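What follows is a short report on a single structure.
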Amino acid sequence: MKRIKSNLLLIWLYCITCSYNALAGGLKIDFPLDCRIGEDCFFTNLVAHKDEAGKSVDFRCRSNTYDGHSGTDIAVKDYNANIAVLSPVSGEVIGVRNFIPDKILTTEEDKAKVKNLECGNGIAIKHEQYRIQLCHLKQNSVTAKVGQQIKAGDKVGELGLSGKTFFPHLHFSIKDTES
């Protein structure tokens with residue numbers, strides 16, 4: 001199991017939570033991909049917030065996001081590397097999708113085919129009062145089943161290109177279900 005060290009952990013936690021309560025509550029999260037940040041994978045789009053003018057910005061008030069983006073995207077340099085998606089927390093699997101083809105969306109028809117399936121293949125995990133979602137996994141790679149108890153670091157699938165995406169990446173989000 002890979003863990004982030006030094007300041008990258010603080011950046012990672014801030015990027016994915018966007019919730020002071022999650023940080024204050026001591027939520028512990030493992031990195032969800034079997035890759036090395038800055039070498040095999042890198043952060044792309046971050047959680048969107050509105051600035052004083054109503055413009056979507058990331059947590060540093062920069063443009064590394066887009067309107068309505070509710071998670072953190074982690075892209076990879078080599079899509080053919082079969083990068084494992086790992087559970088960032090221990091918990092119960094509460095949702096799984098595994099049938100969406102891997103395809104770069106190039107036309108309006110492509111986009112229409114994934115309407116209401118934007119996450120593509122993925123997994124949702126209940127951990128304490130949080131709902132963790134991992135999206136855009138490779139078709140037929142999701143190994144977890146609804147109702148299954150999993151541990152942080154367990155492989156749950158492989159990085160893919162499913163759903164509403166234009167490049168291979170993992171979309172990771174956390175929601176506080178009690179707020």
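If you're wondering about the labels, chains in the structure tokens are A, B, ... by order shown, residues count from 1 in each chain, ligands from 1 in order shown.
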
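Those residues that approach segment 104-107 of chain A to within 7 Å, counting only C-alpha atoms, are Asp110, Lys111, Leu161, Lys164, Thr165, Phe166 and Phe167 of chain A; same-chain residues fewer than 3 positions away are not listed.
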
Checklist line | segment 37-175 of chain A: residues DSSP assigns to helix (DSSP H, G or I), reported as a PyMOL selection string | finding: chain A and resi 79-81+108-113

Can you build me a table of segment 156-178 of chain A residues sitting at most 10 Å from segment 141-148 of chain A, with the closest atom pair per residue and its distance in Å to one decimal, using only C-alpha atoms, sorted by chain and residue number, as a tab-separated table?
residue	atom	partner	partner_atom	distance
A:Val156	CA	A:Thr143	CA	5.3
A:Gly157	CA	A:Val142	CA	4.2
A:Glu158	CA	A:Ser141	CA	5.7
A:Leu159	CA	A:Ser141	CA	8.5
A:Gly160	CA	A:Ser141	CA	8.7

Next item on the list: Step one, run DSSP on the backbone; step two, keep only residues of segment 88-150 of chain A assigned to strand (DSSP E or B); then write them as number ranges by chain.
Entry: A: 91-97, 102, 121-127, 130-137, 149-150

Pull N, CA and C atoms from the residues just selected and write them as a short mmCIF file (atom, residue, chain, number, x, y, z; two decimals), in the first residue's frame.
data_model
loop_
_atom_site.label_atom_id
_atom_site.label_comp_id
_atom_site.auth_asym_id
_atom_site.auth_seq_id
_atom_site.Cartn_x
_atom_site.Cartn_y
_atom_site.Cartn_z
N GLY A 91 -14.38 0.38 4.66
CA GLY A 91 -15.81 0.66 4.74
C GLY A 91 -16.63 -0.34 3.97
N GLU A 92 -17.90 0.00 3.79
CA GLU A 92 -18.84 -0.86 3.08
C GLU A 92 -19.07 -0.34 1.67
N VAL A 93 -19.01 -1.22 0.70
CA VAL A 93 -19.29 -0.87 -0.69
C VAL A 93 -20.80 -0.67 -0.80
N ILE A 94 -21.21 0.54 -1.21
CA ILE A 94 -22.65 0.84 -1.31
C ILE A 94 -23.11 1.06 -2.75
N GLY A 95 -22.16 1.04 -3.69
CA GLY A 95 -22.53 1.19 -5.09
C GLY A 95 -21.41 0.73 -6.00
N VAL A 96 -21.79 0.09 -7.11
CA VAL A 96 -20.81 -0.38 -8.10
C VAL A 96 -21.43 -0.23 -9.48
N ARG A 97 -20.63 0.20 -10.43
CA ARG A 97 -21.01 0.16 -11.85
C ARG A 97 -19.79 -0.36 -12.60
N ASP A 102 -14.93 1.89 -22.21
CA ASP A 102 -13.88 2.90 -22.14
C ASP A 102 -13.79 3.58 -23.50
N ASN A 121 -17.75 3.77 -14.93
CA ASN A 121 -17.61 2.64 -14.00
C ASN A 121 -17.01 3.17 -12.72
N GLY A 122 -17.51 2.68 -11.61
CA GLY A 122 -16.99 3.19 -10.36
C GLY A 122 -17.47 2.43 -9.16
N ILE A 123 -17.08 2.96 -8.02
CA ILE A 123 -17.42 2.35 -6.74
C ILE A 123 -17.72 3.46 -5.75
N ALA A 124 -18.70 3.23 -4.90
CA ALA A 124 -19.02 4.14 -3.80
C ALA A 124 -18.83 3.37 -2.50
N ILE A 125 -18.18 4.01 -1.54
CA ILE A 125 -17.85 3.38 -0.27
C ILE A 125 -18.39 4.23 0.87
N LYS A 126 -19.05 3.61 1.83
CA LYS A 126 -19.51 4.29 3.04
C LYS A 126 -18.45 4.09 4.11
N HIS A 127 -17.94 5.21 4.63
CA HIS A 127 -16.94 5.19 5.70
C HIS A 127 -17.38 6.20 6.75
N TYR A 130 -19.08 9.47 5.86
CA TYR A 130 -18.64 9.92 4.53
C TYR A 130 -19.01 8.92 3.45
N ARG A 131 -19.23 9.49 2.26
CA ARG A 131 -19.45 8.68 1.05
C ARG A 131 -18.30 9.01 0.11
N ILE A 132 -17.49 8.00 -0.18
CA ILE A 132 -16.32 8.16 -1.04
C ILE A 132 -16.67 7.56 -2.40
N GLN A 133 -16.40 8.29 -3.47
CA GLN A 133 -16.71 7.80 -4.80
C GLN A 133 -15.46 7.82 -5.66
N LEU A 134 -15.25 6.73 -6.40
CA LEU A 134 -14.13 6.58 -7.33
C LEU A 134 -14.74 6.35 -8.71
N CYS A 135 -14.41 7.20 -9.68
CA CYS A 135 -15.07 7.17 -10.99
C CYS A 135 -14.07 6.96 -12.13
N HIS A 136 -14.60 6.56 -13.28
CA HIS A 136 -13.90 6.39 -14.56
C HIS A 136 -13.02 5.14 -14.58
N LEU A 137 -13.41 4.09 -13.84
CA LEU A 137 -12.64 2.86 -13.84
C LEU A 137 -12.83 2.11 -15.16
N GLN A 149 -17.44 -5.58 2.71
CA GLN A 149 -16.57 -4.77 3.56
C GLN A 149 -15.18 -4.80 2.95
N ILE A 150 -14.61 -3.64 2.72
CA ILE A 150 -13.26 -3.58 2.17
C ILE A 150 -12.37 -2.79 3.11
#

Note to self: If I take atom CA of Lys115 of chain A and atom CA of Val76 of chain A, how far is one from the other in Å, to one decimal?
What the structure shows: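 Calculated distance between atom CA of Lys115 of chain A and atom CA of Val76 of chain A is 24.7 Å.
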
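Taking atom CA of Ala152 of chain A and atom CA of Leu117 of chain A as the two end points, the separation is 25.7 Å.
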
Check: Which of these, A:Pro101, A:Gly54, A:Gly153, A:Gly120, has the shortest distance to Val85 of chain A once you count only C-alpha atoms?
Finding: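 Answer, going by the shortest atom-to-atom distance: A:Gly153.
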
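The space between atom CA of Asp176 of chain A and atom CA of Glu128 of chain A spans 9.2 Å.
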